[in-house]
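K.L.:
The following block contains the structure, expressed as structure tokens.
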Amino acid sequence: MSITTEEVKTITLTINGQRVSPKIGVTVLEAAQGAGIYIPTLCHHPSLPPYGGCRMCIVEIEGMRGFPTACTTPAEDKMVIKTDTSQLQELRRNILELILTEHPHTCLICDRKEQCKPYHICIQKVAVTTGCIMCPKNGRCELQKVVDYVGLKEVSLPYTYRELPILRDSPFFDRDYNLCILCGRCVRVCQEVRGAGAIAFTYRGSKALVGTAFDYTLQDAGCQFCGACVDTCPTGALVERSIKWEGKPEYIVTTTCPYCGVGCQLNLEVKKGRIISSVPALDGIPNRGQACVKGRFGITEFVHHPQRLTTPLIKQDGRFVEASWGEALNLVAEKLQRYKGEQFALISSAKITNEENYLAQKFTRAVMGTNNVDHCARLCHAPSIAALEQAFGSAAMTNPITEIGDTACAFVIGSNTTSGHPVIALEVKRAISKGARLIVANPREIKMCQWADVWLQHLPGSDVALLMGMMRVIMDEGLADLAFIEGHCENFDAFRESLKDFDLDFVEKVTSVHKANIEKAARLYATQKPATIIYAAGITQHVHGTDNVFAIANLAMLTGNIGKPSSGVNPLGGQNNLQGACDMGVLPNVYTGYQDFDNLDVQKKFEAAWGTKLSSVPGLTLPEMLDAVYKGDIKSIYLIGENPVLSEADASHVEEILKKLEFLVAQDIFLSESAQLAHVVLPAASFTEKDGTFTNTERRVQRIRKAIEPIGNSKPDWWIICEIAKRMGASGFDFGHPSEIMQEITRLDPHYSGITYQRLEKVGLQWPCPDEENPGTPVLHAGTFVRGKGRFTPLGYKLPAELPDKDYPLILTTGRSLYHYHTGTITRKVLGLNALEPEGVVEINPADARQLNIDDGDLVKVISRRGQVTTRAKVTNACLPAVVYMNFHFAESSANILTNPALDPVSKIPGFKVCAVRIEKE
Amino acid sequence: MFITKLVEIFNEYKGEKGAVIPILQKVQDKLGYLSQEVISEIAKFSRMSETEVFGVASFYAQFRFTRCGDHVIRVCLGTACHVSGGERILDEVTRELGVSPGETTEDYKFSLERVACLGCCALAPVMVVDKTVYTKMKLPKVRGVLQTYGENK
Ligand code: SF4
Ligand code: SF4
Ligand code: SF4
Ligand code: FES
Ligand code: FES
């Protein structure tokens, strides 16, 4: 266990005659707030380091000269503080008066403001921005609060209206700098917390403003549209457009973001049965008040999208006909009866809850009598499971997200973290601002390269060679942690033998990375401790994905960077509940909790729990299932929340396959490309319309909470699965609420034993959590590895399955964008997200572009051995010559039509990241 | 090429932290002003965003973001000049050149600026071209002054 329960020391001081005892290390402001004493503030924000710019929070402290600012002054034992003397109030009024010479203030100081209503006639009210009553921030504005508190009644200095146009270049929020008080919060959050630096103070004196370089649009200035500036702005200068005139919400429900494995805690604001906004929870773990554009602005529109499925559909003569739930469920139950056993497969989703995934695999195994159950983790996570289980005994992020910021060295490989997992990138940024070193390995120039000490631009598919090269340097230079290896690891000698094949000349040749850079990276990683490795699909989506992960595990063990705070091996799950779907056993070879299905004791345990005999025939993985459909062995598929037509390698082939099925049930919130091929479509409720849990990429089990009623006639996935099971005569599916399903899970999965909904109320728990007293396990493998000893794996160099040749001379690699999620079924329904990135492009190096006579923006055909897509070319230096790059979210130019379905022999993941293509001008 | 000049300057500052302001100064000396491309390169080199670099540069009055003309004309509108007809002089220059104060003519021959007091109020109204001071200006003189520069270049 890594948590050392520090003794919390307190101090005692007096504020306005009241004795308060805060924790040591807080500021005077925090001490006062903790005791419920209000001190007016304008530039302070809990997400930001103390600034001391506005001087509104001045106080008197006995024995100190002048008027120190409470937000920057550390609280000390025995201090005697006054916060509300008449002198302080007078000073504050003077400061405020200055601020208000540039902020419309007639309403702010109006003596009849209590009685004012939006349409009262009043000579004070002129245009919109001159009066509070018509300001979108009315009632939530901090300036109003401060003016009230200090009792300002008159502004004697002349008022200047800045006459600035309202900037509407963000799809999500408006900027009206006529209302800006130059507190600097937005600038600081954008630069210091987000690392974006899209906005800054420009010019000075009376011309000082917040803006972008050369008045660029926000997008051109590098804005990520995270909304952090909007959430920190005290005034109406920055306001989310969709809620501009909504006013305050009726109630707020805290939930977990459904867009990625970070699992940010979001507050859903609800009014009149609609979600009007989703704002990151200030004290939420792991995101601490931050989110990204998808969680902040991408939720309300998809939840309330007119294309949501609202009623069951049954296909008759090639067309969908609306049906009642009774009709649809009876039909599904009756049909599925006929396909019991190996003719059936269930494809579940890493987007639905743990409870639902648990039921999905229980249904497949207990009711349908087969182990053919899988989900698309296959497409990004399976190599991590295979390799990390073997190397360490547990396949998950070893360390918490919130610890990354305290690391001394971050090694980010195969992850475009600022796009794929933006909030984890903030932790990396936090570490860097505290002096940590950063190594980035990526074939493509990503935003993080800007922060890196070394950027290793290796050829796609050469990861093993690169990592082995680094380890060779570490061994040769005596930087390995031999004591750790001796005490905690096994199979080291065999591994060391295999390093022999990786002399740096060879590594330089196959990776195309300069020797000196490999050495620099190796030294940094081995000497700056603790060091953490962060990786994502860029490592796993290869035909040697499992080897890649083995190499990473070797590297961490070689330097003893595992089992300690802020170190470890950290695979970032792409989908929100990827971890949970795997934990629940939505995998063909394990039951819930990674319990092997071919272990007889385990089988007996589950047979007893589910009250039925279970099949001991090994299940098929997702790609194998599709093959079996093709061959006619599988005749029926139950598809939950998944869109294999877009997400699988070789997409056009998948469509052809699904058409062969005798019976396809699709359960989803939208009619996806795959659902269109179904015989029955069941409308599912979104995550805002049901209770449940997601397990994020750091193993934290977190609640989602029902905020509104299901849209139309949609139903939660768990309810639908239970109804089908019950109609098929199965027992064990009588659940009234997801918490009851969780109770069953905790009885079967030792990792989850100690988890109850009650314990998740405030903050999620990280498994393993073996009993109700256990606080969860932030750091895995502390002291000893889960499997006993960490196991080194000898590795050799293997070529990618498909190398460029004369006909297909370019290497295509794929990735994800900040603005879209997975196959885009959801995000492309959000106008703003779509506007920021409306179409896919293929990125091509200027050298190649010149040769092919292609200009930026030209329409081109990208052709592989499997198919072709048409898209626009973006000429950029981001990739090396002969390497081209595409995102995979777009149906009309789906990169996965091109990618190679060749599978990793161990984990059966397709090699998405590398395939050979040629490009032709249209 | 401006890139080669930039690289020379960057080489001097390699590995130094917080050297943005001296870099901005050197670059402006060499290139005359800070264009969008230049700011973008400086941002890359100093690992800052373009907006951050622009924010720093625009804080100081010495930095320019547009290419300035071969000759800079400053017309004084300080109190003394104002009273003695500075405004009309400025209007006349504006009409002659077809640009407003703060702008540069299309052929980059002249940039026009207004200033507040040049410190020779006794000789008002005053206008300055590059380093030459023209005192006790009269409307008819404006065209003549401009022509001397127009023909030179
Ligand atoms: S939305 Fe985020 S990135 Fe954009 S300006 Fe605001 S804080 Fe900066
Ligand atoms: S826009 Fe808002 S947060 Fe930014 S400086 Fe102005 S008032 Fe402060
Ligand atoms: S980082 Fe991930 S979890 Fe957080 S708001 Fe963005 S998509 Fe949601
Ligand atoms: S809140 Fe303390 S100085 Fe602004
Ligand atoms: S007012 Fe023009 S020189 Fe002083």
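Naming scheme: A, B, ... for chains in displayed order of the structure tokens; residues 1 onward per chain; ligands 1 onward as shown.
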Could you write out as a ChimeraX atom specification the residues of chain A within 7 Å of chain B, counting only C-alpha atoms?

P.N.:
/A:197-204,212-213,221,450-451

K.L.:
Would you write out those residues with C-alpha atoms, as a PDB file, in the first residue's frame?

P.N.:
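As a result, result-v1.pdb now contains:
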ATOM      1  CA  GLY A 197      -1.454  29.908 -24.391  1.00  0.00           C
ATOM      2  CA  ALA A 198      -4.168  30.758 -26.880  1.00  0.00           C
ATOM      3  CA  ILE A 199      -4.912  34.045 -25.123  1.00  0.00           C
ATOM      4  CA  ALA A 200      -2.669  36.563 -23.387  1.00  0.00           C
ATOM      5  CA  PHE A 201      -2.694  40.114 -22.153  1.00  0.00           C
ATOM      6  CA  THR A 202      -1.909  42.265 -25.146  1.00  0.00           C
ATOM      7  CA  TYR A 203      -0.602  45.856 -25.204  1.00  0.00           C
ATOM      8  CA  ARG A 204      -0.680  47.832 -21.989  1.00  0.00           C
ATOM      9  CA  THR A 212      -4.810  36.507 -29.394  1.00  0.00           C
ATOM     10  CA  ALA A 213      -1.718  37.252 -31.458  1.00  0.00           C
ATOM     11  CA  ALA A 221      -4.224  30.724 -31.925  1.00  0.00           C
ATOM     12  CA  GLN A 450       6.900  21.491 -28.014  1.00  0.00           C
ATOM     13  CA  TRP A 451       7.433  20.685 -24.327  1.00  0.00           C
TER      14      TRP A 451
END

K.L.:
Looking only at strand (DSSP E or B) from DSSP on the backbone, list the matching residues of stretch 94-128 of chain B as a list in words.

P.N.:
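Answer for stretch 94-128 of chain B, restricted to strand (DSSP E or B): Thr104, Phe110, Ser111, Leu112, Glu113, Arg114, Val115, Met127 and Val128 of chain B.
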
K.L.:
Restricted to C-alpha atoms, what would the selected residues look like written as a compact mmCIF listing (two decimals), in the first residue's frame?

P.N.:
# COMPACT_ATOMS: atom_id res chain seq x y z
CA THR B 104 1.75 52.72 -44.43
CA PHE B 110 5.76 56.36 -46.22
CA SER B 111 4.40 55.47 -42.80
CA LEU B 112 2.30 58.09 -41.07
CA GLU B 113 2.13 58.57 -37.31
CA ARG B 114 0.77 61.18 -34.96
CA VAL B 115 2.71 62.17 -31.89
CA MET B 127 6.25 67.62 -38.48
CA VAL B 128 9.19 65.23 -38.66

K.L.:
Hey, which of B:Tyr134, B:Leu139, B:Cys121, B:Phe63 ends up closest to B:Glu96? Count only C-alpha atoms.

P.N.:
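Smallest separation from B:Glu96 among the options: B:Leu139.
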
K.L.:
Please find the residues contacting ligand 4 at a distance of at most 9 Å between atoms, with only C-alpha atoms and all ligand atoms counted, and report them as a list in words.

P.N.:
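The distance check yields Leu29, Ile39, Pro40, Thr41, Leu42, Cys43, His44, His45, Pro50, Tyr51, Gly52, Gly53, Cys54, Arg55, Met56, Cys57, Ile58, Pro68, Thr69, Ala70, Cys71, Thr72 and Cys183 of chain A.
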
K.L.:
To test your reading of the structure, identify every residue in stretch 577-648 of chain A that backbone DSSP assigns to alpha helix (DSSP H), and report it as an MDAnalysis selection string.

P.N.:
chainID A and resid 578:583 600:610 622:631 644:647

K.L.:
List all protein, DNA and RNA residues that have an atom no more than 12 Å from any atom of ligand 5, counting only C-alpha atoms and all ligand atoms, and report them as a PyMOL selection string.

P.N.:
chain B and resi 74-87+89+114-128+133-137

K.L.:
Take the selection from the previous step and output its residues with C-alpha atoms, as a PDB file, in the first residue's frame.

P.N.:
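Result file out31.pdb:
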ATOM      1  CA  ARG B  74       5.361  62.077 -37.592  1.00  0.00           C
ATOM      2  CA  VAL B  75       2.899  64.932 -37.315  1.00  0.00           C
ATOM      3  CA  CYS B  76       2.676  66.574 -33.911  1.00  0.00           C
ATOM      4  CA  LEU B  77      -0.695  67.054 -32.281  1.00  0.00           C
ATOM      5  CA  GLY B  78       0.589  68.205 -28.903  1.00  0.00           C
ATOM      6  CA  THR B  79      -1.161  71.178 -27.317  1.00  0.00           C
ATOM      7  CA  ALA B  80       0.913  73.888 -28.945  1.00  0.00           C
ATOM      8  CA  CYS B  81       0.829  72.289 -32.395  1.00  0.00           C
ATOM      9  CA  HIS B  82      -2.822  71.506 -32.051  1.00  0.00           C
ATOM     10  CA  VAL B  83      -3.659  75.124 -31.329  1.00  0.00           C
ATOM     11  CA  SER B  84      -1.611  76.345 -34.257  1.00  0.00           C
ATOM     12  CA  GLY B  85      -3.201  74.009 -36.832  1.00  0.00           C
ATOM     13  CA  GLY B  86      -1.437  70.650 -36.446  1.00  0.00           C
ATOM     14  CA  GLU B  87      -4.676  68.872 -37.148  1.00  0.00           C
ATOM     15  CA  ILE B  89      -1.379  69.576 -41.400  1.00  0.00           C
ATOM     16  CA  ARG B 114       0.769  61.177 -34.964  1.00  0.00           C
ATOM     17  CA  VAL B 115       2.711  62.172 -31.887  1.00  0.00           C
ATOM     18  CA  ALA B 116       2.016  64.282 -28.850  1.00  0.00           C
ATOM     19  CA  CYS B 117       4.655  66.984 -28.521  1.00  0.00           C
ATOM     20  CA  LEU B 118       8.083  66.731 -30.006  1.00  0.00           C
ATOM     21  CA  GLY B 119       9.578  69.230 -27.606  1.00  0.00           C
ATOM     22  CA  CYS B 120       9.833  72.218 -29.955  1.00  0.00           C
ATOM     23  CA  CYS B 121       6.516  73.866 -29.190  1.00  0.00           C
ATOM     24  CA  ALA B 122       7.908  77.312 -29.904  1.00  0.00           C
ATOM     25  CA  LEU B 123       8.166  76.389 -33.563  1.00  0.00           C
ATOM     26  CA  ALA B 124       4.710  74.825 -33.834  1.00  0.00           C
ATOM     27  CA  PRO B 125       3.185  73.289 -35.854  1.00  0.00           C
ATOM     28  CA  VAL B 126       5.850  70.657 -36.283  1.00  0.00           C
ATOM     29  CA  MET B 127       6.255  67.622 -38.477  1.00  0.00           C
ATOM     30  CA  VAL B 128       9.193  65.232 -38.658  1.00  0.00           C
ATOM     31  CA  VAL B 133      12.347  68.352 -38.307  1.00  0.00           C
ATOM     32  CA  TYR B 134      10.098  70.717 -40.310  1.00  0.00           C
ATOM     33  CA  THR B 135       8.937  73.625 -38.191  1.00  0.00           C
ATOM     34  CA  LYS B 136       6.271  76.336 -38.582  1.00  0.00           C
ATOM     35  CA  MET B 137       4.525  74.156 -41.108  1.00  0.00           C
TER      36      MET B 137
END

K.L.:
Do you know which residues are within 12 Å of ligand 2 using only C-alpha atoms and all ligand atoms? Can you write them as a VMD selection string?

P.N.:
chain A and resid 41 to 45 48 53 to 54 99 to 100 102 to 103 137 141 to 143 166 to 167 173 to 190 199 to 202 208 to 211 227 to 239

K.L.:
Name each residue within 8 Å of ligand 3, counting only C-alpha atoms and all ligand atoms, as a PDB file with C-alpha atoms, in the first residue's frame.

P.N.:
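Result went into part34.pdb, see below:
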ATOM      1  CA  THR A 256     -18.589  10.823 -15.094  1.00  0.00           C
ATOM      2  CA  CYS A 257     -17.725  11.966 -18.616  1.00  0.00           C
ATOM      3  CA  PRO A 258     -18.506   9.332 -21.243  1.00  0.00           C
ATOM      4  CA  TYR A 259     -15.916  10.387 -23.824  1.00  0.00           C
ATOM      5  CA  CYS A 260     -12.586   8.930 -22.740  1.00  0.00           C
ATOM      6  CA  GLY A 261     -10.763   6.817 -20.218  1.00  0.00           C
ATOM      7  CA  VAL A 262      -9.817   9.749 -17.991  1.00  0.00           C
ATOM      8  CA  GLY A 263     -13.256   9.755 -16.436  1.00  0.00           C
ATOM      9  CA  CYS A 264     -13.547  13.439 -15.601  1.00  0.00           C
ATOM     10  CA  GLN A 265     -16.140  14.330 -12.997  1.00  0.00           C
ATOM     11  CA  LEU A 266     -18.704  16.653 -14.555  1.00  0.00           C
ATOM     12  CA  PRO A 280     -16.099  20.074 -14.690  1.00  0.00           C
ATOM     13  CA  ASN A 287      -9.683  16.045 -13.191  1.00  0.00           C
ATOM     14  CA  GLN A 290     -10.667  20.646 -15.681  1.00  0.00           C
ATOM     15  CA  ALA A 291     -12.177  18.881 -18.681  1.00  0.00           C
ATOM     16  CA  CYS A 292     -11.759  18.992 -22.419  1.00  0.00           C
ATOM     17  CA  VAL A 293     -13.932  20.234 -25.226  1.00  0.00           C
ATOM     18  CA  LYS A 294     -15.813  16.943 -25.510  1.00  0.00           C
ATOM     19  CA  GLY A 295     -16.850  16.774 -21.875  1.00  0.00           C
ATOM     20  CA  ARG A 296     -17.413  20.518 -21.539  1.00  0.00           C
ATOM     21  CA  GLY A 420      -6.618  11.574 -26.914  1.00  0.00           C
ATOM     22  CA  HIS A 421      -6.540  12.169 -23.143  1.00  0.00           C
ATOM     23  CA  PRO A 422      -6.384  15.941 -22.714  1.00  0.00           C
ATOM     24  CA  VAL A 423      -6.722  15.990 -18.967  1.00  0.00           C
ATOM     25  CA  ILE A 424      -3.802  13.582 -18.536  1.00  0.00           C
ATOM     26  CA  ASN A 576     -14.492   5.661 -21.126  1.00  0.00           C
ATOM     27  CA  TYR A 821     -14.554  10.273 -30.165  1.00  0.00           C
TER      28      TYR A 821
END

K.L.:
Provide the atom CA of B:Tyr33 to atom CA of B:Pro101 distance in Å, to one decimal place.

P.N.:
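Computing the Euclidean distance for atom CA of B:Tyr33 and atom CA of B:Pro101 yields 17.5 Å.
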
K.L.:
How many Å separate atom CA of A:Pro778 from atom CA of A:Gly563?

P.N.:
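So the two atoms, atom CA of A:Pro778 and atom CA of A:Gly563, lie 10.1 Å apart.
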
K.L.:
With a distance cut-off of 6 Å and only C-alpha atoms, select the neighbouring residues of A:Ser415, excluding the residue or stretch itself and same-chain residues fewer than 3 positions from it, and output the selection as an MDAnalysis selection string.

P.N.:
chainID A and resid 535:536 538

K.L.:
Please measure the separation of atom CA of A:Glu723 and atom CA of A:His751, giving the value in Å to one decimal.

P.N.:
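These two atoms are separated by 28.3 Å.
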
K.L.:
Tell me, as a ChimeraX atom specification, which residues lie within 8 Å of B:Leu34, counting only C-alpha atoms; anything in the same chain fewer than 3 positions away does not count.

P.N.:
/B:24,27-28,31,38-39,63-67

K.L.:
Show me, as a list of chain:residue names, the residues that have an atom within 7 Å of A:Asn354 when counting only C-alpha atoms, minus same-chain residues fewer than 2 positions from it.

P.N.:
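What passes the distance filter is A:Ile352, A:Glu356, A:Asn357, A:Tyr358, A:Gly580, A:Ala581, A:Met584, A:Thr693, A:Phe694.
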
K.L.:
Tell me, as a VMD selection string, which residues lie within 10 Å of A:Gln457, counting only C-alpha atoms; anything in the same chain fewer than 5 positions away does not count.

P.N.:
chain A and resid 440 to 445 449 511 to 514 517 878 to 880

K.L.:
Excluding same-chain residues fewer than 4 positions from stretch 312-326 of chain A, what lies within 7 Å of it counting only C-alpha atoms, as a short mmCIF file (atom, residue, chain, number, x, y, z; two decimals) with N, CA, C and O atoms, in the first residue's frame?

P.N.:
data_model
loop_
_atom_site.label_atom_id
_atom_site.label_comp_id
_atom_site.auth_asym_id
_atom_site.auth_seq_id
_atom_site.Cartn_x
_atom_site.Cartn_y
_atom_site.Cartn_z
N ASN A 330 -40.08 -9.48 -27.56
CA ASN A 330 -40.56 -10.85 -27.82
C ASN A 330 -39.90 -11.42 -29.07
O ASN A 330 -39.48 -12.58 -29.09
N HIS A 679 -31.65 -6.40 -37.95
CA HIS A 679 -33.04 -6.82 -38.13
C HIS A 679 -33.93 -6.18 -37.09
O HIS A 679 -35.09 -5.88 -37.35
N VAL A 680 -33.37 -5.99 -35.89
CA VAL A 680 -34.12 -5.29 -34.85
C VAL A 680 -33.19 -4.25 -34.22
O VAL A 680 -32.02 -4.53 -33.96
N VAL A 681 -33.70 -3.04 -34.02
CA VAL A 681 -32.92 -1.99 -33.38
C VAL A 681 -33.61 -1.61 -32.07
O VAL A 681 -34.80 -1.33 -32.05
N LEU A 682 -32.83 -1.65 -30.97
CA LEU A 682 -33.39 -1.31 -29.67
C LEU A 682 -32.80 0.01 -29.19
O LEU A 682 -31.58 0.15 -29.11
N PRO A 683 -33.65 1.01 -28.90
CA PRO A 683 -33.14 2.34 -28.53
C PRO A 683 -32.66 2.37 -27.08
O PRO A 683 -33.42 2.08 -26.16
#

K.L.:
Return the single residue from B:Lys109, B:Leu146, B:Glu16, B:Leu6 that is closest to B:Arg95, with distances computed using only C-alpha atoms.

P.N.:
B:Leu146

K.L.:
Which is closest to ligand 1 among A:Lys520, A:Arg705, A:Arg194, A:Lys271, if we use only C-alpha atoms and all ligand atoms?

P.N.:
A:Arg194
